[in-house]
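The file entry-v1.cif contains mmCIF, C-alpha atoms and all ligand atoms:
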data_structure
loop_
_atom_site.label_atom_id
_atom_site.label_comp_id
_atom_site.auth_asym_id
_atom_site.auth_seq_id
_atom_site.Cartn_x
_atom_site.Cartn_y
_atom_site.Cartn_z
CA MET G 1 17.11 3.92 -19.04
CA SER G 2 16.28 3.56 -15.31
CA GLU G 3 12.65 3.85 -14.22
CA ILE G 4 12.25 6.27 -11.32
CA CYS G 5 9.71 6.12 -8.49
CA VAL G 6 9.69 9.32 -6.44
CA ILE G 7 8.05 9.41 -3.03
CA THR G 8 7.45 12.76 -1.33
CA GLY G 9 7.25 12.21 2.42
CA GLY G 10 9.20 9.00 1.73
CA GLY G 11 11.48 9.38 4.73
CA SER G 12 8.98 7.73 7.08
CA GLY G 13 5.56 6.14 7.49
CA MET G 14 3.48 4.93 4.58
CA GLY G 15 5.69 6.49 1.91
CA LEU G 16 8.72 4.58 3.19
CA ALA G 17 6.63 1.40 3.52
CA ALA G 18 5.43 1.77 -0.09
CA ALA G 19 9.02 2.07 -1.36
CA LYS G 20 9.84 -1.44 -0.12
CA TYR G 21 6.94 -2.98 -2.11
CA MET G 22 7.90 -1.33 -5.41
CA PRO G 23 9.43 -3.59 -8.11
CA LYS G 24 13.16 -4.02 -7.45
CA ASP G 25 14.16 -2.64 -10.86
CA LYS G 26 12.70 0.79 -10.03
CA VAL G 27 15.12 3.38 -8.68
CA ILE G 28 13.54 5.02 -5.63
CA VAL G 29 13.92 8.71 -4.75
CA VAL G 30 12.70 9.59 -1.26
CA SER G 31 12.16 13.22 -0.39
CA GLY G 32 11.11 15.33 2.57
CA ARG G 33 12.53 18.26 4.52
CA THR G 34 14.89 16.36 6.85
CA MET G 35 18.04 14.87 5.27
CA SER G 36 18.95 12.67 8.27
CA LYS G 37 15.54 10.98 8.07
CA LEU G 38 15.92 10.47 4.32
CA GLU G 39 19.38 8.95 4.73
CA ARG G 40 18.01 6.41 7.21
CA ALA G 41 15.18 5.63 4.79
CA VAL G 42 17.63 5.10 1.90
CA ALA G 43 19.59 2.60 4.01
CA GLU G 44 16.37 0.65 4.73
CA ILE G 45 15.23 0.73 1.10
CA GLU G 46 18.65 -0.38 -0.14
CA ALA G 47 18.58 -3.23 2.38
CA SER G 48 15.30 -4.35 0.76
CA GLY G 49 17.09 -4.60 -2.60
CA HIS G 50 16.50 -1.28 -4.40
CA LYS G 51 18.81 1.44 -5.58
CA ALA G 52 17.69 4.59 -3.75
CA TYR G 53 18.48 8.29 -3.46
CA ALA G 54 17.61 10.94 -0.87
CA HIS G 55 16.76 14.46 -2.01
CA THR G 56 15.37 17.19 0.23
CA CYS G 57 12.26 19.07 -0.87
CA ASP G 58 9.60 21.16 0.83
CA THR G 59 6.43 20.50 -1.15
CA SER G 60 4.90 23.81 -0.04
CA ASP G 61 7.55 25.59 -2.15
CA ARG G 62 7.03 25.28 -5.92
CA ASN G 63 10.71 25.95 -6.70
CA SER G 64 11.76 23.18 -4.35
CA VAL G 65 9.33 20.76 -6.05
CA ARG G 66 10.54 21.82 -9.50
CA GLU G 67 14.12 21.19 -8.44
CA LEU G 68 13.17 17.72 -7.15
CA ALA G 69 11.45 16.93 -10.46
CA GLU G 70 14.56 18.02 -12.35
CA PHE G 71 16.78 15.87 -10.13
CA CYS G 72 14.54 12.82 -10.73
CA ALA G 73 14.33 13.41 -14.49
CA GLY G 74 18.15 13.54 -14.54
CA LEU G 75 18.26 10.01 -13.08
CA GLY G 76 15.97 8.39 -15.66
CA LYS G 77 12.34 8.05 -16.75
CA ILE G 78 9.86 9.09 -14.02
CA THR G 79 7.20 6.36 -14.01
CA ASN G 80 5.71 6.59 -10.49
CA VAL G 81 5.04 9.60 -8.28
CA ILE G 82 3.72 8.88 -4.79
CA ASN G 83 2.84 12.14 -3.08
CA ALA G 84 2.73 11.17 0.61
CA ALA G 85 4.17 14.38 2.12
CA GLY G 86 1.79 15.84 4.64
CA LEU G 87 1.30 17.47 8.03
CA SER G 88 -1.48 16.77 10.55
CA PRO G 89 -3.43 19.01 12.99
CA ALA G 90 -1.08 18.26 15.91
CA MET G 91 1.94 19.25 13.78
CA ALA G 92 1.01 22.61 12.26
CA LYS G 93 -1.39 25.54 12.21
CA GLN G 94 -4.10 26.11 9.62
CA GLU G 95 -2.09 28.02 7.00
CA GLN G 96 0.80 25.57 6.92
CA LEU G 97 -1.58 22.61 6.74
CA ILE G 98 -3.26 24.12 3.69
CA ARG G 99 0.00 25.14 2.02
CA VAL G 100 1.66 21.73 2.46
CA ASN G 101 -1.29 19.37 2.00
CA ALA G 102 -3.32 21.24 -0.63
CA LEU G 103 -0.97 23.57 -2.54
CA GLY G 104 1.86 21.03 -2.18
CA THR G 105 -0.28 18.56 -4.12
CA VAL G 106 -0.83 21.13 -6.88
CA TYR G 107 2.92 21.76 -7.17
CA VAL G 108 3.81 18.05 -7.19
CA ASN G 109 1.21 17.12 -9.82
CA GLN G 110 1.98 20.12 -12.03
CA GLU G 111 5.77 20.03 -11.88
CA PHE G 112 6.12 16.24 -12.20
CA SER G 113 3.53 15.83 -14.95
CA LYS G 114 5.69 18.11 -17.14
CA LYS G 115 8.43 15.46 -16.98
CA MET G 116 6.24 12.34 -17.28
CA GLU G 117 5.15 10.30 -20.29
CA ALA G 118 2.24 8.02 -21.20
CA GLY G 119 2.05 4.95 -18.95
CA SER G 120 3.21 6.79 -15.82
CA VAL G 121 1.17 7.43 -12.69
CA ILE G 122 0.71 9.94 -9.85
CA LEU G 123 -0.90 8.89 -6.56
CA ASP G 124 -1.84 11.66 -4.10
CA VAL G 125 -2.35 10.62 -0.48
CA SER G 126 -5.48 12.17 1.04
CA SER G 127 -7.20 11.05 4.28
CA ASN G 128 -10.53 9.58 5.34
CA SER G 129 -11.04 12.83 7.29
CA ALA G 130 -11.85 14.30 3.86
CA TYR G 131 -15.09 12.27 3.99
CA LEU G 132 -16.13 13.51 7.42
CA LEU G 133 -16.64 17.20 6.65
CA PRO G 134 -20.14 18.68 6.76
CA LYS G 135 -21.32 19.16 3.16
CA PHE G 136 -21.73 22.94 3.50
CA LEU G 137 -17.96 23.31 4.03
CA ILE G 138 -17.10 21.67 0.72
CA ASN G 139 -17.03 24.03 -2.23
CA GLU G 140 -15.28 22.72 -5.32
CA LYS G 141 -15.72 26.08 -7.08
CA GLN G 142 -13.53 27.60 -4.40
CA TYR G 143 -10.96 24.85 -4.88
CA LYS G 144 -10.32 26.19 -8.40
CA LEU G 145 -8.91 29.34 -6.77
CA ALA G 146 -5.82 27.26 -5.88
CA LEU G 147 -4.99 27.31 -9.59
CA LYS G 148 -5.49 31.08 -10.03
CA ASP G 149 -4.93 32.94 -6.77
CA GLU G 150 -3.13 30.89 -4.12
CA ASP G 151 -3.25 33.49 -1.34
CA LYS G 152 -7.01 34.00 -1.75
CA PHE G 153 -7.48 30.22 -1.76
CA VAL G 154 -5.53 29.90 1.50
CA GLN G 155 -7.51 32.75 3.12
CA LYS G 156 -10.86 31.21 2.15
CA MET G 157 -9.83 27.79 3.48
CA ILE G 158 -8.67 29.36 6.78
CA LYS G 159 -11.92 31.30 7.08
CA LYS G 160 -13.93 28.08 6.75
CA SER G 161 -11.76 26.22 9.24
CA ASN G 162 -12.31 29.07 11.73
CA LEU G 163 -15.92 27.90 12.03
CA ALA G 164 -14.60 25.25 14.45
CA LYS G 165 -14.51 26.22 18.14
CA THR G 166 -11.15 25.18 19.62
CA ASP G 167 -7.67 25.75 18.19
CA TYR G 168 -7.17 22.00 17.70
CA ASN G 169 -10.50 21.69 15.90
CA LYS G 170 -9.69 24.67 13.69
CA ALA G 171 -6.51 22.84 12.63
CA GLY G 172 -8.60 19.65 12.29
CA PHE G 173 -11.01 21.39 9.91
CA ALA G 174 -8.10 22.89 7.94
CA TYR G 175 -6.55 19.40 7.67
CA ALA G 176 -9.81 17.79 6.54
CA LEU G 177 -10.46 20.61 4.05
CA SER G 178 -6.93 20.34 2.66
CA LYS G 179 -7.43 16.59 2.18
CA ASN G 180 -10.89 17.07 0.65
CA PHE G 181 -9.16 19.41 -1.79
CA VAL G 182 -6.71 16.57 -2.59
CA LEU G 183 -9.64 14.30 -3.57
CA TRP G 184 -10.93 16.96 -5.95
CA TYR G 185 -7.53 17.90 -7.34
CA ALA G 186 -6.50 14.29 -8.01
CA ARG G 187 -9.72 13.87 -10.06
CA TYR G 188 -9.07 17.17 -11.83
CA SER G 189 -5.49 16.07 -12.61
CA ALA G 190 -6.71 12.67 -13.84
CA LYS G 191 -8.84 14.44 -16.45
CA GLU G 192 -6.13 16.92 -17.36
CA TYR G 193 -3.17 14.53 -17.65
CA GLY G 194 -5.21 11.53 -18.81
CA LYS G 195 -5.13 13.10 -22.28
CA ARG G 196 -1.37 12.45 -22.23
CA GLY G 197 -1.70 8.90 -20.88
CA ILE G 198 -0.69 9.85 -17.33
CA ARG G 199 -2.87 8.14 -14.73
CA VAL G 200 -3.78 10.03 -11.52
CA LEU G 201 -5.65 8.78 -8.46
CA SER G 202 -5.79 9.38 -4.72
CA LEU G 203 -5.76 7.10 -1.69
CA SER G 204 -7.31 7.96 1.68
CA PRO G 205 -5.91 6.20 4.74
CA GLY G 206 -7.71 5.96 8.06
CA LEU G 207 -5.81 6.06 11.33
CA ILE G 208 -2.45 4.37 10.67
CA ALA G 209 0.28 3.67 13.23
CA THR G 210 2.95 5.93 11.72
CA ASP G 211 4.67 8.85 13.49
CA MET G 212 1.74 11.03 12.43
CA GLY G 213 -1.01 8.53 13.28
CA ASN G 214 0.44 7.81 16.72
CA LEU G 215 0.61 11.54 17.41
CA GLU G 216 -3.04 12.01 16.43
CA SER G 217 -4.42 8.85 18.04
CA ASP G 218 -5.50 10.52 21.31
CA ASN G 219 -7.67 12.95 19.32
CA ALA G 220 -9.02 10.39 16.88
CA GLY G 221 -12.32 9.84 18.70
CA ASP G 222 -14.18 6.76 17.42
CA MET G 223 -11.91 6.23 14.43
CA VAL G 224 -10.58 2.89 15.77
CA SER G 225 -13.81 1.51 17.24
CA GLN G 226 -15.58 2.24 13.93
CA THR G 227 -13.24 -0.01 11.91
CA ALA G 228 -14.23 -3.59 11.08
CA GLU G 229 -11.39 -5.05 13.17
CA LYS G 230 -11.28 -2.35 15.87
CA ARG G 231 -7.63 -1.47 15.24
CA MET G 232 -5.33 1.09 13.66
CA GLY G 233 -3.85 0.29 10.25
CA LYS G 234 -0.24 -0.80 9.90
CA PRO G 235 2.13 1.32 7.78
CA GLU G 236 3.06 -1.76 5.72
CA GLU G 237 -0.63 -2.43 4.89
CA LEU G 238 -0.92 1.07 3.46
CA GLY G 239 2.47 0.76 1.77
CA TYR G 240 1.26 -2.36 -0.04
CA ALA G 241 -2.04 -0.71 -1.06
CA ILE G 242 -0.16 2.29 -2.45
CA ALA G 243 2.47 0.21 -4.28
CA THR G 244 -0.17 -1.97 -5.96
CA ALA G 245 -2.33 1.04 -6.90
CA VAL G 246 0.63 2.58 -8.77
CA ASP G 247 1.55 -0.71 -10.48
CA GLU G 248 1.27 -0.50 -14.28
CA ARG G 249 -1.01 -3.57 -14.23
CA ASN G 250 -3.61 -1.38 -12.49
CA GLY G 251 -3.67 0.86 -15.58
CA TYR G 252 -7.46 1.39 -15.55
CA LEU G 253 -7.54 2.76 -12.00
CA ALA G 254 -7.78 6.52 -12.54
CA GLY G 255 -9.80 9.50 -11.34
CA VAL G 256 -10.91 7.69 -8.16
CA ASP G 257 -10.09 7.68 -4.49
CA ILE G 258 -9.22 4.42 -2.73
CA LEU G 259 -10.64 4.61 0.78
CA CYS G 260 -8.27 2.42 2.81
CA ASP G 261 -9.44 2.92 6.40
CA GLY G 262 -10.44 -0.52 7.67
CA GLY G 263 -14.10 0.38 7.12
CA ALA G 264 -14.15 3.33 9.54
CA THR G 265 -16.01 5.61 7.11
CA THR G 266 -18.44 3.15 5.53
CA LEU G 267 -19.35 0.83 8.42
CA LYS G 268 -20.60 3.52 10.78
CA LYS G 269 -23.44 4.21 8.35
CA LEU G 270 -24.83 0.65 8.82
N1 LIG M 301 -1.05 8.26 9.77
C1 LIG M 301 -2.33 8.52 9.64
O1 LIG M 301 -3.14 8.16 10.52
C2 LIG M 301 -2.84 9.22 8.39
C3 LIG M 301 -4.23 9.21 8.16
C4 LIG M 301 -4.71 9.80 7.01
C5 LIG M 301 -3.85 10.38 6.10
N2 LIG M 301 -2.50 10.38 6.35
C6 LIG M 301 -1.64 10.99 5.33
O2 LIG M 301 -0.67 10.05 4.90
C7 LIG M 301 0.49 10.74 4.44
C8 LIG M 301 1.72 10.06 5.01
O3 LIG M 301 1.74 10.28 6.42
P1 LIG M 301 2.32 9.21 7.45
O4 LIG M 301 1.19 8.75 8.28
O5 LIG M 301 3.15 8.23 6.72
O6 LIG M 301 3.16 10.15 8.42
P2 LIG M 301 4.70 10.53 8.52
O7 LIG M 301 5.51 9.34 8.87
O8 LIG M 301 4.73 11.71 9.42
O9 LIG M 301 5.08 10.95 7.03
C9 LIG M 301 4.87 12.22 6.49
C10 LIG M 301 6.15 12.65 5.81
O10 LIG M 301 5.93 13.90 5.14
C11 LIG M 301 7.09 14.67 5.25
N3 LIG M 301 6.72 16.08 5.15
C12 LIG M 301 6.00 16.83 6.02
N4 LIG M 301 5.90 18.08 5.55
C13 LIG M 301 6.55 18.13 4.38
C14 LIG M 301 6.80 19.15 3.42
N5 LIG M 301 6.37 20.40 3.60
N6 LIG M 301 7.51 18.83 2.32
C15 LIG M 301 7.96 17.58 2.13
N7 LIG M 301 7.77 16.57 3.00
C16 LIG M 301 7.07 16.84 4.11
C17 LIG M 301 7.67 14.33 6.63
O11 LIG M 301 9.10 14.49 6.64
P3 LIG M 301 9.79 15.89 7.08
O12 LIG M 301 9.10 16.33 8.33
O13 LIG M 301 11.21 15.51 7.26
O14 LIG M 301 9.58 16.83 5.95
C18 LIG M 301 7.29 12.86 6.77
O15 LIG M 301 8.37 12.00 6.40
C19 LIG M 301 0.30 12.20 4.82
O16 LIG M 301 -0.10 12.93 3.69
C20 LIG M 301 -0.83 12.15 5.84
O17 LIG M 301 -1.57 13.35 5.87
C21 LIG M 301 -1.99 9.82 7.48
#
What does this structure look like when you write it as structure tokens?
Ligand SMILES: NC(=O)c1ccc[n+]([C@@H]2O[C@H](COP(=O)([O-])OP(=O)(O)OC[C@H]3O[C@@H](n4cnc5c(N)ncnc54)[C@H](OP(=O)(O)O)[C@@H]3O)[C@@H](O)[C@H]2O)c1
Amino acid sequence: MSEICVITGGGSGMGLAAAKYMPKDKVIVVSGRTMSKLERAVAEIEASGHKAYAHTCDTSDRNSVRELAEFCAGLGKITNVINAAGLSPAMAKQEQLIRVNALGTVYVNQEFSKKMEAGSVILDVSSNSAYLLPKFLINEKQYKLALKDEDKFVQKMIKKSNLAKTDYNKAGFAYALSKNFVLWYARYSAKEYGKRGIRVLSLSPGLIATDMGNLESDNAGDMVSQTAEKRMGKPEELGYAIATAVDERNGYLAGVDILCDGGATTLKKL
């Protein structure tokens, strides 16, 4: 039976880079909202020696995620889920950022875990911006609302992000909050699905030269000068980090976040 690695947001950036570092015997499914992008990604992944499929999915829509999970399960045994789909402050307003980045992660983890077995792994991509929020904005009790009352959860997250002054900063707060939620929810999922032998972890990139990172770079403040090497990350560096984190040989890496930001978050405290 084929082993399937599904990558949401796999049509570009780090998700696409990760695909190329996966073992060649894994069948790759890339998904996102734009079929033309996915078809180009499939051609690149096949050129690197994998069998690959494109399947559209909007991760902010549970039915769309469920349908993607069914498609993948129909191809073989789902062993690796890399949830890299995401939108940034320059791309969307507060509500969409929260629905895609936060609720999308809930849908991906919940719908895929139903189809996964012991020995498989889910990696949720967060962001180092999750570490930059003032402590008073972080309320894990409120995060649990995402599992009970999605609309109330979204409203509360928007209300908090409205504490910022400008429109861009409101979106920036919503983005950082949605990614802080991802840190919490990946840990929550690790506990929940660990009982069934499914490993869950998150990975937080810093500023990376993908379509998204290049779009955000003008607003990134000191993010580059605070890194050890004073540079943005390369998509392939993040792709390699993601692919190794989801390798079966890393079976004891669960319930943690891997902060992969060139030192931007930790070095500024020195
Ligand atoms: N680049 C950075 O500096 C940076 C820093 C920290 C964290 N991150 C995170 O890293 C992840 C990967 O981003 P990237 O930098 O590789 O940027 P990217 O190239 O823009 O990749 C993001 C992908 O997500 C897909 N996507 C967006 N909304 C979606 C939705 N609702 N449903 C399904 N797919 C969706 C996009 O395709 P479609 O538009 O076709 O759907 C796109 O291919 C994101 O979660 C991002 O938040 C990036």
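Closest approach to Gln96 of chain G from the set G:Cys260, G:Leu215, G:Ala47, G:Ala171 is made by G:Ala171, with distances taken over all atoms listed in the file.
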Next item on the list: Just the residues within 6 Å of segment 130-136 of chain G, please, counting only C-alpha atoms, with nothing from its chain fewer than 6 positions along; format it as a count of residues only.
Entry: 3
Next item on the list: Could you please extract the residues within 7 Å of ligand LIG 301 (chain M), counting all atoms listed in the file, and hand them back as a ChimeraX atom specification?
Entry: /G:8-15,31-34,37,57-60,84-88,100-101,125-128,204-213
Notebook entry, point to check: Please, what distance in Å, to one decimal, runs between atom CA of Lys115 of chain G and atom CA of Ala19 of chain G?
Noted result: 20.6 Å
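All residues of protein, DNA or RNA that reach within 8 Å of segment 251-259 of chain G, judged by only C-alpha atoms and not counting those fewer than 2 positions away in the chain, are Gly119, Asn128, Leu183, Ala186, Arg187, Tyr188, Ser189, Ala190, Lys191, Arg199, Val200, Leu201, Ser202, Leu203, Ser204, Pro205, Gly206, Ala245, Asp247, Glu248, Arg249 and Asp261 of chain G.
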Notebook entry, point to check: Excluding same-chain residues fewer than 4 positions from His50 of chain G, what lies within 8 Å of it counting only C-alpha atoms, as a ChimeraX atom specification?
Noted result: /G:20,24-28,45-46
Let's have the selection written as an mmCIF file, in the coordinates of the input, with C-alpha atoms.
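Now in out-v2.cif:
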data_model
loop_
_atom_site.group_PDB
_atom_site.id
_atom_site.type_symbol
_atom_site.label_atom_id
_atom_site.label_comp_id
_atom_site.auth_asym_id
_atom_site.auth_seq_id
_atom_site.Cartn_x
_atom_site.Cartn_y
_atom_site.Cartn_z
ATOM 1 C CA LYS G 20 9.840 -1.440 -0.120
ATOM 2 C CA LYS G 24 13.160 -4.020 -7.450
ATOM 3 C CA ASP G 25 14.160 -2.640 -10.860
ATOM 4 C CA LYS G 26 12.700 0.790 -10.030
ATOM 5 C CA VAL G 27 15.120 3.380 -8.680
ATOM 6 C CA ILE G 28 13.540 5.020 -5.630
ATOM 7 C CA ILE G 45 15.230 0.730 1.100
ATOM 8 C CA GLU G 46 18.650 -0.380 -0.140
#
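Nearest to Lys195 of chain G of all the residues G:Ala118, G:Val81, G:Leu68, G:Ile98 is G:Ala118, based on all atoms listed in the file.
For the pair atom CA of Arg66 of chain G and atom CA of Phe112 of chain G, the interatomic distance is 7.6 Å.
Of note, atom CA of Tyr185 of chain G and atom CA of Glu150 of chain G are spaced 14.1 Å apart.
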Do you have, as a tab-separated table, the list of residues of segment 129-162 of chain G lying at most 12 Å from segment 103-107 of chain G, each with its nearest atom pair and that distance in Å to one decimal, counting only C-alpha atoms and ordered by chain then number?
residue	atom	partner	partner_atom	distance
G:Tyr143	CA	G:Leu103	CA	10.3
G:Lys144	CA	G:Val106	CA	10.9
G:Leu145	CA	G:Leu103	CA	10.7
G:Ala146	CA	G:Leu103	CA	6.9
G:Leu147	CA	G:Val106	CA	7.9
G:Lys148	CA	G:Val106	CA	11.4
G:Asp149	CA	G:Leu103	CA	11.0
G:Glu150	CA	G:Leu103	CA	7.8
G:Asp151	CA	G:Leu103	CA	10.2
G:Phe153	CA	G:Leu103	CA	9.3
G:Val154	CA	G:Leu103	CA	8.8
G:Met157	CA	G:Leu103	CA	11.5
So that I can check the surroundings of Leu267 of chain G, please list as an mmCIF file with C-alpha atoms, in the coordinates of the input every protein, DNA and RNA residue that reaches within 10 Å of it, counting all atoms listed in the file and ignoring chain neighbours fewer than 4 positions away.
data_model
loop_
_atom_site.group_PDB
_atom_site.id
_atom_site.type_symbol
_atom_site.label_atom_id
_atom_site.label_comp_id
_atom_site.auth_asym_id
_atom_site.auth_seq_id
_atom_site.Cartn_x
_atom_site.Cartn_y
_atom_site.Cartn_z
ATOM 1 C CA GLN G 226 -15.580 2.240 13.930
ATOM 2 C CA THR G 227 -13.240 -0.010 11.910
ATOM 3 C CA ALA G 228 -14.230 -3.590 11.080
ATOM 4 C CA GLY G 262 -10.440 -0.520 7.670
ATOM 5 C CA GLY G 263 -14.100 0.380 7.120
#
Spatial neighbours of Ile78 of chain G, 7 Å, only C-alpha atoms, chain gap at least 3 places, as a compact mmCIF listing (two decimals) with C-alpha atoms, keeping the file's coordinate frame:
# COMPACT_ATOMS: atom_id res chain seq x y z
CA GLU G 3 12.65 3.85 -14.22
CA ILE G 4 12.25 6.27 -11.32
CA CYS G 5 9.71 6.12 -8.49
CA CYS G 72 14.54 12.82 -10.73
CA ALA G 73 14.33 13.41 -14.49
CA MET G 116 6.24 12.34 -17.28
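If only C-alpha atoms are the atoms counted, then among G:Asp222, G:Glu95, G:Asp124, G:Glu229 the closest residue to Trp184 of chain G is G:Asp124.
Using all atoms listed in the file, the nearest neighbour of Met35 of chain G within the list G:Ala164, G:Ser120, G:Asn169, G:Tyr53 is G:Tyr53.
Taking only C-alpha atoms into account, Ser48 of chain G lies nearest to G:Met22 out of the set G:Asn63, G:Thr265, G:Met22, G:Val246.
Each of G:Ile7, G:Ala43, G:Met1, G:Ala52 was compared to Gly74 of chain G using all atoms listed in the file, and G:Met1 turns out to be the nearest.
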